[in-house]
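Quick notes on the structure that follows.
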Amino acid sequence: MTAVTDMDGINGFAVDLGGTKLAAARVEHGRVVERIQNVTEAEAPADKQVEAIEALLRKIGWNHSYPVSVAVAGRVSDDGTWSAVNTGTLTSIADIPIKALLTHQLNTDVYVCNDANAAAFAEASFGSGVGVSHFAYITVSTGVGGGIVIEGKPLTSANGLAGHVGFVSSRFSTAICGSGRRSTVESVAGGRAISAIAQEQGHGVATAREVFDAAAGGNEWAQTIIETSAQAIAALCSDLTAIFGLDMVALGGSIGMAPGYIASVERHLKCEPALFRPKIAAADFSHDSALIGVIALSQSSKRTEKRHTIRCNGVSE
Ligand code: ADP
Ligand code: BMX
């Protein structure tokens, strides 16, 4: 995997399947020029997810003569298998051969990777992280996901788990997480957690968005839940800084980018010693980071493959 420097070359069709929303876009020169969005059918099996992806792509003029780059919530291993890490978010996604299924259904070249890893790569290469040597992106959305990019190189692992920062322990949680771990960041800070905590406390809300609306309306219970989410994310930023020597963390996702949220994270970060306080930024590409990043990663991986083939054939680069 190599760094991409030229945004001009980022062209094509991309899909971003999160725990709440499914988006498809046409990207030209690194910019989303057409975008369409639907709700994610979180309990649907893989064949239905593939159908939903194809239906959205066709609505924006895709046909099988174009390759497709797909970013999904969940881990994608090197062999193209897709599994939810939080099994409460995408309930039917375990060991799905997603690359093979999509390639067969769409009859074209398909690249698949994790949504937050893709967003991290876009932000590091062309957005908030340009010029930053040790960079992380965290999405606070349905869950809490992430990606680490060191000197332009994304941190990856064969099992697709690298960058799943939402599953580290948090002293702010006592809950059991859908990953099977206890007391994770995601189980106190993500959208599903925020709505679950509000419901447990007996407040009549269904979504995290409604908790934000209640907080904006002056409800203290809602403000406390959001404040605790931001506090857990601030601690996560410091923990990641201790491990990776981060200079900056960019925040994305509908919760990460909600009004006042970054300011709250920064406020809690002030309680940490200066050494553990990375700069905090908002994702430059907002809701489009994963869509842009997955095309960039797909192109990088093709270049790496090509170089490998040339080397294996004994021809010098
Ligand atoms: P996904 O997880 O599919 O990538 P989002 O980034 O939109 O999607 O995150 C979805 C979560 O964000 C849900 O929990 C939803 O209730 C919450 N949310 C959506 N819009 C807002 C908003 N304007 N303010 C705060 N929370 C929001
Ligand atoms: C969870 C995990 C990650 C994902 C992150 C953000 C699942 C289904 N999801 O930590 O793979 O990157 O959420 O995803 O295991 P989103 O749905 O919040 O955008």
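Just remember, in the structure tokens the first chain shown is A, the second B, etc., residues are 1-based per chain, and ligands are 1-based in the order shown.
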
Around ligand 2, at most 8 Å away and counting only C-alpha atoms and all ligand atoms, which residues are there? Put them as JSON, numbers by chain, please.
{"A": [17, 18, 19, 20, 21, 72, 73, 74, 75, 83, 84, 85, 86, 87, 88, 89, 90, 114, 115, 116, 117, 139, 140, 141, 142, 143, 144, 145, 146, 161, 164, 165, 166, 167, 179, 186, 190, 191, 253]}

Where does segment 54-125 of chain A meet segment 30-46 of chain A within 12 Å, residue by residue, with the nearest atom pair and distance in Å to one decimal for each, counting only C-alpha atoms, listed by chain and rising number, as CSV?
residue,atom,partner,partner_atom,distance
A:Ala55,CA,A:Asn38,CA,10.4
A:Leu56,CA,A:Ile36,CA,6.9
A:Leu57,CA,A:Ile36,CA,8.5
A:Arg58,CA,A:Ile36,CA,10.5
A:Lys59,CA,A:Ile36,CA,8.0
A:Ile60,CA,A:Glu34,CA,7.1
A:Gly61,CA,A:Glu34,CA,9.7
A:Trp62,CA,A:Glu34,CA,11.3
A:Val72,CA,A:Thr40,CA,10.9
A:Ala73,CA,A:Ala42,CA,10.6
A:Gly74,CA,A:Ala42,CA,11.9
A:Thr81,CA,A:Ala46,CA,11.4
A:Trp82,CA,A:Ala46,CA,9.5
A:Ser83,CA,A:Ala46,CA,10.4
A:Ala84,CA,A:Ala42,CA,10.7
A:Asn86,CA,A:Ala42,CA,11.6
A:Thr87,CA,A:Glu43,CA,10.0
A:Gly88,CA,A:Ala42,CA,8.9
A:Thr89,CA,A:Ala42,CA,6.4
A:Leu90,CA,A:Ala42,CA,4.8
A:Thr91,CA,A:Glu43,CA,5.1
A:Ser92,CA,A:Pro45,CA,5.2
A:Ile93,CA,A:Ala46,CA,6.6
A:Ala94,CA,A:Ala46,CA,9.1
A:Asp95,CA,A:Ala46,CA,10.0
A:Ile96,CA,A:Ala46,CA,7.0
A:Pro97,CA,A:Ala46,CA,9.0
A:Ile98,CA,A:Ala46,CA,7.7
A:Lys99,CA,A:Ala46,CA,11.2
A:Ala100,CA,A:Ala46,CA,11.6
A:Leu101,CA,A:Ala46,CA,8.6
A:Leu102,CA,A:Ala46,CA,9.8
A:Gln105,CA,A:Ala46,CA,11.8
A:Ala122,CA,A:Gly30,CA,9.1
A:Glu123,CA,A:Gly30,CA,11.5
A:Ser125,CA,A:Gly30,CA,10.8

Distance in Å - atom 7 (O, counted along the ligand's line) of ligand 1 versus atom CA of Arg267 of chain A:
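Calculated distance between atom 7 (O, counted along the ligand's line) of ligand 1 and atom CA of Arg267 of chain A is 23.6 Å.
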
Smallest atom-to-atom distance to Ala14 of chain A: which of A:Lys48, A:Phe276, A:Val68, A:Ala206, using only C-alpha atoms?
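Of A:Lys48, A:Phe276, A:Val68, A:Ala206, the one nearest Ala14 of chain A, counting only C-alpha atoms, is A:Val68.
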
Filtered DSSP result for segment 222-306 of chain A, state strand (DSSP E), as a PyMOL selection string
chain A and resi 248-252+279-282

Give me, as a PDB file with N, CA and C atoms, in the first residue's frame, the residues of segment 27-228 of chain A that a backbone DSSP run labels helix (DSSP H, G or I).
ATOM      1  N   ALA A  46     -26.491 -10.818   3.613  1.00  0.00           N
ATOM      2  CA  ALA A  46     -25.538 -10.285   2.634  1.00  0.00           C
ATOM      3  C   ALA A  46     -26.143 -10.097   1.244  1.00  0.00           C
ATOM      4  N   ASP A  47     -26.963 -11.040   0.793  1.00  0.00           N
ATOM      5  CA  ASP A  47     -27.499 -10.899  -0.579  1.00  0.00           C
ATOM      6  C   ASP A  47     -28.374  -9.649  -0.690  1.00  0.00           C
ATOM      7  N   LYS A  48     -29.088  -9.305   0.371  1.00  0.00           N
ATOM      8  CA  LYS A  48     -29.925  -8.089   0.364  1.00  0.00           C
ATOM      9  C   LYS A  48     -29.040  -6.840   0.394  1.00  0.00           C
ATOM     10  N   GLN A  49     -27.932  -6.903   1.124  1.00  0.00           N
ATOM     11  CA  GLN A  49     -27.008  -5.764   1.166  1.00  0.00           C
ATOM     12  C   GLN A  49     -26.432  -5.527  -0.239  1.00  0.00           C
ATOM     13  N   VAL A  50     -26.088  -6.617  -0.912  1.00  0.00           N
ATOM     14  CA  VAL A  50     -25.534  -6.514  -2.274  1.00  0.00           C
ATOM     15  C   VAL A  50     -26.583  -5.906  -3.219  1.00  0.00           C
ATOM     16  N   GLU A  51     -27.828  -6.366  -3.096  1.00  0.00           N
ATOM     17  CA  GLU A  51     -28.922  -5.817  -3.930  1.00  0.00           C
ATOM     18  C   GLU A  51     -29.096  -4.323  -3.675  1.00  0.00           C
ATOM     19  N   ALA A  52     -29.047  -3.937  -2.398  1.00  0.00           N
ATOM     20  CA  ALA A  52     -29.239  -2.521  -2.054  1.00  0.00           C
ATOM     21  C   ALA A  52     -28.104  -1.672  -2.626  1.00  0.00           C
ATOM     22  N   ILE A  53     -26.895  -2.197  -2.584  1.00  0.00           N
ATOM     23  CA  ILE A  53     -25.736  -1.484  -3.138  1.00  0.00           C
ATOM     24  C   ILE A  53     -25.911  -1.308  -4.649  1.00  0.00           C
ATOM     25  N   GLU A  54     -26.285  -2.377  -5.332  1.00  0.00           N
ATOM     26  CA  GLU A  54     -26.436  -2.297  -6.790  1.00  0.00           C
ATOM     27  C   GLU A  54     -27.542  -1.307  -7.168  1.00  0.00           C
ATOM     28  N   ALA A  55     -28.655  -1.354  -6.427  1.00  0.00           N
ATOM     29  CA  ALA A  55     -29.787  -0.463  -6.745  1.00  0.00           C
ATOM     30  C   ALA A  55     -29.358   0.999  -6.633  1.00  0.00           C
ATOM     31  N   LEU A  56     -28.597   1.334  -5.581  1.00  0.00           N
ATOM     32  CA  LEU A  56     -28.149   2.736  -5.421  1.00  0.00           C
ATOM     33  C   LEU A  56     -27.194   3.122  -6.537  1.00  0.00           C
ATOM     34  N   LEU A  57     -26.254   2.225  -6.859  1.00  0.00           N
ATOM     35  CA  LEU A  57     -25.267   2.529  -7.914  1.00  0.00           C
ATOM     36  C   LEU A  57     -25.967   2.787  -9.250  1.00  0.00           C
ATOM     37  N   ARG A  58     -26.954   1.968  -9.556  1.00  0.00           N
ATOM     38  CA  ARG A  58     -27.643   2.135 -10.854  1.00  0.00           C
ATOM     39  C   ARG A  58     -28.353   3.484 -10.914  1.00  0.00           C
ATOM     40  N   LYS A  59     -28.848   3.947  -9.770  1.00  0.00           N
ATOM     41  CA  LYS A  59     -29.555   5.249  -9.746  1.00  0.00           C
ATOM     42  C   LYS A  59     -28.627   6.403 -10.082  1.00  0.00           C
ATOM     43  N   ILE A  98     -17.664 -11.100   0.718  1.00  0.00           N
ATOM     44  CA  ILE A  98     -18.300  -9.929   0.098  1.00  0.00           C
ATOM     45  C   ILE A  98     -17.655  -9.526  -1.228  1.00  0.00           C
ATOM     46  N   LYS A  99     -16.335  -9.635  -1.307  1.00  0.00           N
ATOM     47  CA  LYS A  99     -15.673  -9.243  -2.564  1.00  0.00           C
ATOM     48  C   LYS A  99     -16.144 -10.159  -3.702  1.00  0.00           C
ATOM     49  N   ALA A 100     -16.214 -11.466  -3.423  1.00  0.00           N
ATOM     50  CA  ALA A 100     -16.650 -12.422  -4.456  1.00  0.00           C
ATOM     51  C   ALA A 100     -18.128 -12.194  -4.803  1.00  0.00           C
ATOM     52  N   LEU A 101     -18.961 -11.958  -3.794  1.00  0.00           N
ATOM     53  CA  LEU A 101     -20.402 -11.752  -4.045  1.00  0.00           C
ATOM     54  C   LEU A 101     -20.644 -10.515  -4.902  1.00  0.00           C
ATOM     55  N   LEU A 102     -19.956  -9.421  -4.545  1.00  0.00           N
ATOM     56  CA  LEU A 102     -20.146  -8.165  -5.296  1.00  0.00           C
ATOM     57  C   LEU A 102     -19.578  -8.286  -6.711  1.00  0.00           C
ATOM     58  N   THR A 103     -18.411  -8.941  -6.834  1.00  0.00           N
ATOM     59  CA  THR A 103     -17.781  -9.095  -8.155  1.00  0.00           C
ATOM     60  C   THR A 103     -18.717  -9.884  -9.077  1.00  0.00           C
ATOM     61  N   HIS A 104     -19.335 -10.927  -8.511  1.00  0.00           N
ATOM     62  CA  HIS A 104     -20.237 -11.763  -9.306  1.00  0.00           C
ATOM     63  C   HIS A 104     -21.508 -10.975  -9.684  1.00  0.00           C
ATOM     64  N   GLN A 105     -22.104 -10.315  -8.689  1.00  0.00           N
ATOM     65  CA  GLN A 105     -23.376  -9.617  -8.919  1.00  0.00           C
ATOM     66  C   GLN A 105     -23.202  -8.409  -9.848  1.00  0.00           C
ATOM     67  N   LEU A 106     -22.110  -7.655  -9.646  1.00  0.00           N
ATOM     68  CA  LEU A 106     -21.917  -6.421 -10.422  1.00  0.00           C
ATOM     69  C   LEU A 106     -21.147  -6.682 -11.723  1.00  0.00           C
ATOM     70  N   ASP A 115     -14.936   1.031   6.368  1.00  0.00           N
ATOM     71  CA  ASP A 115     -15.348   2.422   6.113  1.00  0.00           C
ATOM     72  C   ASP A 115     -14.451   3.469   6.789  1.00  0.00           C
ATOM     73  N   ALA A 116     -14.098   3.221   8.050  1.00  0.00           N
ATOM     74  CA  ALA A 116     -13.310   4.233   8.777  1.00  0.00           C
ATOM     75  C   ALA A 116     -11.845   4.231   8.331  1.00  0.00           C
ATOM     76  N   ASN A 117     -11.329   3.051   7.952  1.00  0.00           N
ATOM     77  CA  ASN A 117      -9.975   2.996   7.377  1.00  0.00           C
ATOM     78  C   ASN A 117      -9.943   3.824   6.091  1.00  0.00           C
ATOM     79  N   ALA A 118     -10.992   3.711   5.279  1.00  0.00           N
ATOM     80  CA  ALA A 118     -11.063   4.461   4.015  1.00  0.00           C
ATOM     81  C   ALA A 118     -11.114   5.963   4.294  1.00  0.00           C
ATOM     82  N   ALA A 119     -11.965   6.350   5.240  1.00  0.00           N
ATOM     83  CA  ALA A 119     -12.098   7.775   5.576  1.00  0.00           C
ATOM     84  C   ALA A 119     -10.767   8.331   6.086  1.00  0.00           C
ATOM     85  N   ALA A 120     -10.075   7.536   6.903  1.00  0.00           N
ATOM     86  CA  ALA A 120      -8.778   7.964   7.454  1.00  0.00           C
ATOM     87  C   ALA A 120      -7.788   8.235   6.318  1.00  0.00           C
ATOM     88  N   PHE A 121      -7.808   7.364   5.317  1.00  0.00           N
ATOM     89  CA  PHE A 121      -6.849   7.509   4.211  1.00  0.00           C
ATOM     90  C   PHE A 121      -7.144   8.788   3.405  1.00  0.00           C
ATOM     91  N   ALA A 122      -8.426   9.068   3.168  1.00  0.00           N
ATOM     92  CA  ALA A 122      -8.791  10.299   2.440  1.00  0.00           C
ATOM     93  C   ALA A 122      -8.351  11.528   3.216  1.00  0.00           C
ATOM     94  N   GLU A 123      -8.649  11.523   4.513  1.00  0.00           N
ATOM     95  CA  GLU A 123      -8.302  12.697   5.331  1.00  0.00           C
ATOM     96  C   GLU A 123      -6.787  12.876   5.412  1.00  0.00           C
ATOM     97  N   ALA A 124      -6.058  11.764   5.558  1.00  0.00           N
ATOM     98  CA  ALA A 124      -4.597  11.852   5.668  1.00  0.00           C
ATOM     99  C   ALA A 124      -3.972  12.304   4.344  1.00  0.00           C
ATOM    100  N   SER A 125      -4.528  11.817   3.237  1.00  0.00           N
ATOM    101  CA  SER A 125      -3.910  12.079   1.934  1.00  0.00           C
ATOM    102  C   SER A 125      -4.273  13.443   1.357  1.00  0.00           C
ATOM    103  N   PHE A 126      -5.529  13.873   1.555  1.00  0.00           N
ATOM    104  CA  PHE A 126      -5.993  15.094   0.873  1.00  0.00           C
ATOM    105  C   PHE A 126      -6.715  16.082   1.773  1.00  0.00           C
ATOM    106  N   VAL A 165     -10.592   1.265  16.681  1.00  0.00           N
ATOM    107  CA  VAL A 165     -10.288   1.940  17.953  1.00  0.00           C
ATOM    108  C   VAL A 165     -11.484   2.007  18.909  1.00  0.00           C
ATOM    109  N   GLY A 166     -12.672   1.789  18.408  1.00  0.00           N
ATOM    110  CA  GLY A 166     -13.861   1.825  19.259  1.00  0.00           C
ATOM    111  C   GLY A 166     -13.922   0.666  20.238  1.00  0.00           C
ATOM    112  N   PHE A 167     -13.068  -0.339  20.007  1.00  0.00           N
ATOM    113  CA  PHE A 167     -13.156  -1.534  20.861  1.00  0.00           C
ATOM    114  C   PHE A 167     -12.054  -1.583  21.907  1.00  0.00           C
ATOM    115  N   GLU A 186     -16.804   2.289  22.287  1.00  0.00           N
ATOM    116  CA  GLU A 186     -18.029   2.276  21.479  1.00  0.00           C
ATOM    117  C   GLU A 186     -19.285   2.107  22.336  1.00  0.00           C
ATOM    118  N   SER A 187     -19.164   1.358  23.445  1.00  0.00           N
ATOM    119  CA  SER A 187     -20.345   1.073  24.261  1.00  0.00           C
ATOM    120  C   SER A 187     -20.747   2.229  25.170  1.00  0.00           C
ATOM    121  N   VAL A 188     -20.020   3.347  25.080  1.00  0.00           N
ATOM    122  CA  VAL A 188     -20.455   4.548  25.811  1.00  0.00           C
ATOM    123  C   VAL A 188     -20.545   5.769  24.889  1.00  0.00           C
ATOM    124  N   ALA A 189     -19.769   5.744  23.775  1.00  0.00           N
ATOM    125  CA  ALA A 189     -19.642   6.976  22.986  1.00  0.00           C
ATOM    126  C   ALA A 189     -20.362   6.943  21.647  1.00  0.00           C
ATOM    127  N   GLY A 191     -23.286   6.113  18.579  1.00  0.00           N
ATOM    128  CA  GLY A 191     -24.708   6.460  18.453  1.00  0.00           C
ATOM    129  C   GLY A 191     -25.638   5.424  19.058  1.00  0.00           C
ATOM    130  N   ARG A 192     -25.337   4.130  18.839  1.00  0.00           N
ATOM    131  CA  ARG A 192     -26.202   3.087  19.403  1.00  0.00           C
ATOM    132  C   ARG A 192     -26.141   3.139  20.928  1.00  0.00           C
ATOM    133  N   ALA A 193     -24.935   3.412  21.447  1.00  0.00           N
ATOM    134  CA  ALA A 193     -24.778   3.482  22.905  1.00  0.00           C
ATOM    135  C   ALA A 193     -25.531   4.681  23.471  1.00  0.00           C
ATOM    136  N   ILE A 194     -25.396   5.822  22.808  1.00  0.00           N
ATOM    137  CA  ILE A 194     -26.056   7.045  23.299  1.00  0.00           C
ATOM    138  C   ILE A 194     -27.576   6.831  23.384  1.00  0.00           C
ATOM    139  N   SER A 195     -28.148   6.218  22.332  1.00  0.00           N
ATOM    140  CA  SER A 195     -29.607   6.023  22.386  1.00  0.00           C
ATOM    141  C   SER A 195     -29.961   4.956  23.431  1.00  0.00           C
ATOM    142  N   ALA A 196     -29.119   3.909  23.550  1.00  0.00           N
ATOM    143  CA  ALA A 196     -29.416   2.854  24.547  1.00  0.00           C
ATOM    144  C   ALA A 196     -29.370   3.418  25.971  1.00  0.00           C
ATOM    145  N   ILE A 197     -28.368   4.263  26.247  1.00  0.00           N
ATOM    146  CA  ILE A 197     -28.238   4.837  27.601  1.00  0.00           C
ATOM    147  C   ILE A 197     -29.462   5.709  27.914  1.00  0.00           C
ATOM    148  N   ALA A 198     -29.867   6.506  26.927  1.00  0.00           N
ATOM    149  CA  ALA A 198     -31.037   7.381  27.132  1.00  0.00           C
ATOM    150  C   ALA A 198     -32.292   6.545  27.389  1.00  0.00           C
ATOM    151  N   GLN A 199     -32.414   5.449  26.637  1.00  0.00           N
ATOM    152  CA  GLN A 199     -33.601   4.588  26.820  1.00  0.00           C
ATOM    153  C   GLN A 199     -33.584   3.906  28.190  1.00  0.00           C
ATOM    154  N   GLU A 200     -32.385   3.419  28.579  1.00  0.00           N
ATOM    155  CA  GLU A 200     -32.273   2.772  29.906  1.00  0.00           C
ATOM    156  C   GLU A 200     -32.677   3.729  31.021  1.00  0.00           C
ATOM    157  N   ALA A 208     -29.777   8.583  18.667  1.00  0.00           N
ATOM    158  CA  ALA A 208     -28.795   9.512  19.242  1.00  0.00           C
ATOM    159  C   ALA A 208     -29.112  10.948  18.810  1.00  0.00           C
ATOM    160  N   ARG A 209     -29.592  11.067  17.593  1.00  0.00           N
ATOM    161  CA  ARG A 209     -29.929  12.399  17.092  1.00  0.00           C
ATOM    162  C   ARG A 209     -30.960  13.080  17.999  1.00  0.00           C
ATOM    163  N   GLU A 210     -31.930  12.295  18.451  1.00  0.00           N
ATOM    164  CA  GLU A 210     -32.949  12.848  19.359  1.00  0.00           C
ATOM    165  C   GLU A 210     -32.336  13.254  20.699  1.00  0.00           C
ATOM    166  N   VAL A 211     -31.304  12.522  21.129  1.00  0.00           N
ATOM    167  CA  VAL A 211     -30.618  12.902  22.378  1.00  0.00           C
ATOM    168  C   VAL A 211     -29.916  14.257  22.166  1.00  0.00           C
ATOM    169  N   PHE A 212     -29.303  14.436  20.989  1.00  0.00           N
ATOM    170  CA  PHE A 212     -28.665  15.734  20.689  1.00  0.00           C
ATOM    171  C   PHE A 212     -29.714  16.850  20.659  1.00  0.00           C
ATOM    172  N   ASP A 213     -30.867  16.540  20.077  1.00  0.00           N
ATOM    173  CA  ASP A 213     -31.938  17.559  20.027  1.00  0.00           C
ATOM    174  C   ASP A 213     -32.386  17.921  21.450  1.00  0.00           C
ATOM    175  N   ALA A 214     -32.491  16.883  22.295  1.00  0.00           N
ATOM    176  CA  ALA A 214     -32.901  17.126  23.690  1.00  0.00           C
ATOM    177  C   ALA A 214     -31.848  17.964  24.421  1.00  0.00           C
ATOM    178  N   ALA A 215     -30.573  17.688  24.130  1.00  0.00           N
ATOM    179  CA  ALA A 215     -29.487  18.465  24.765  1.00  0.00           C
ATOM    180  C   ALA A 215     -29.548  19.919  24.311  1.00  0.00           C
ATOM    181  N   ALA A 216     -29.799  20.110  23.014  1.00  0.00           N
ATOM    182  CA  ALA A 216     -29.897  21.482  22.491  1.00  0.00           C
ATOM    183  C   ALA A 216     -31.095  22.203  23.107  1.00  0.00           C
ATOM    184  N   GLU A 220     -30.763  18.437  30.789  1.00  0.00           N
ATOM    185  CA  GLU A 220     -29.474  18.110  31.424  1.00  0.00           C
ATOM    186  C   GLU A 220     -29.083  16.646  31.253  1.00  0.00           C
ATOM    187  N   TRP A 221     -30.079  15.734  31.339  1.00  0.00           N
ATOM    188  CA  TRP A 221     -29.773  14.304  31.185  1.00  0.00           C
ATOM    189  C   TRP A 221     -29.110  14.040  29.842  1.00  0.00           C
ATOM    190  N   ALA A 222     -29.607  14.715  28.797  1.00  0.00           N
ATOM    191  CA  ALA A 222     -29.075  14.512  27.440  1.00  0.00           C
ATOM    192  C   ALA A 222     -27.672  15.120  27.333  1.00  0.00           C
ATOM    193  N   GLN A 223     -27.505  16.296  27.928  1.00  0.00           N
ATOM    194  CA  GLN A 223     -26.183  16.950  27.912  1.00  0.00           C
ATOM    195  C   GLN A 223     -25.139  16.065  28.582  1.00  0.00           C
ATOM    196  N   THR A 224     -25.525  15.422  29.677  1.00  0.00           N
ATOM    197  CA  THR A 224     -24.577  14.555  30.415  1.00  0.00           C
ATOM    198  C   THR A 224     -24.181  13.342  29.572  1.00  0.00           C
ATOM    199  N   ILE A 225     -25.145  12.751  28.879  1.00  0.00           N
ATOM    200  CA  ILE A 225     -24.837  11.563  28.050  1.00  0.00           C
ATOM    201  C   ILE A 225     -23.853  11.948  26.939  1.00  0.00           C
ATOM    202  N   ILE A 226     -24.083  13.093  26.320  1.00  0.00           N
ATOM    203  CA  ILE A 226     -23.210  13.532  25.217  1.00  0.00           C
ATOM    204  C   ILE A 226     -21.831  13.926  25.747  1.00  0.00           C
ATOM    205  N   GLU A 227     -21.834  14.582  26.878  1.00  0.00           N
ATOM    206  CA  GLU A 227     -20.573  14.993  27.509  1.00  0.00           C
ATOM    207  C   GLU A 227     -19.720  13.761  27.845  1.00  0.00           C
ATOM    208  N   THR A 228     -20.360  12.709  28.327  1.00  0.00           N
ATOM    209  CA  THR A 228     -19.624  11.474  28.671  1.00  0.00           C
ATOM    210  C   THR A 228     -19.065  10.828  27.402  1.00  0.00           C
TER     211      THR A 228
END

Best match for closeness to ligand 1 among A:Pro273, A:Gly218, A:Pro259, A:Pro278, counting only C-alpha atoms and all ligand atoms:
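Checking each candidate against ligand 1, we get A:Pro259 as the closest.
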
Closest of A:Val112, A:Ala250, A:Ile280, A:Ala175 to Tyr137 of chain A - atom-to-atom distances counting only C-alpha atoms
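Nearest candidate to Tyr137 of chain A out of A:Val112, A:Ala250, A:Ile280, A:Ala175: A:Ala250.
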
Which value, in Å to one decimal, gives the distance between atom CA of Glu151 of chain A and atom CA of Phe135 of chain A?
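So the answer is 8.1 Å.
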
Residues at most 8 Å from Ile10 of chain A, counting only C-alpha atoms, excluding those fewer than 3 positions away in the same chain, as a VMD selection string?
chain A and resid 6 to 7 27 to 30 292 295 to 296

Residue nearest Leu269 of chain A - candidates A:Gly252, A:Cys237, A:His203, A:His287, atoms counted: only C-alpha atoms:
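Residue with the minimum atom-to-atom distance to Leu269 of chain A: A:Cys237.
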
Nearest to ligand 1, chosen from A:Asp288, A:Asp8, A:Asp78, A:Asp247, with only C-alpha atoms and all ligand atoms counted in the distances:
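Closest residue, counting only C-alpha atoms and all ligand atoms: A:Asp288.
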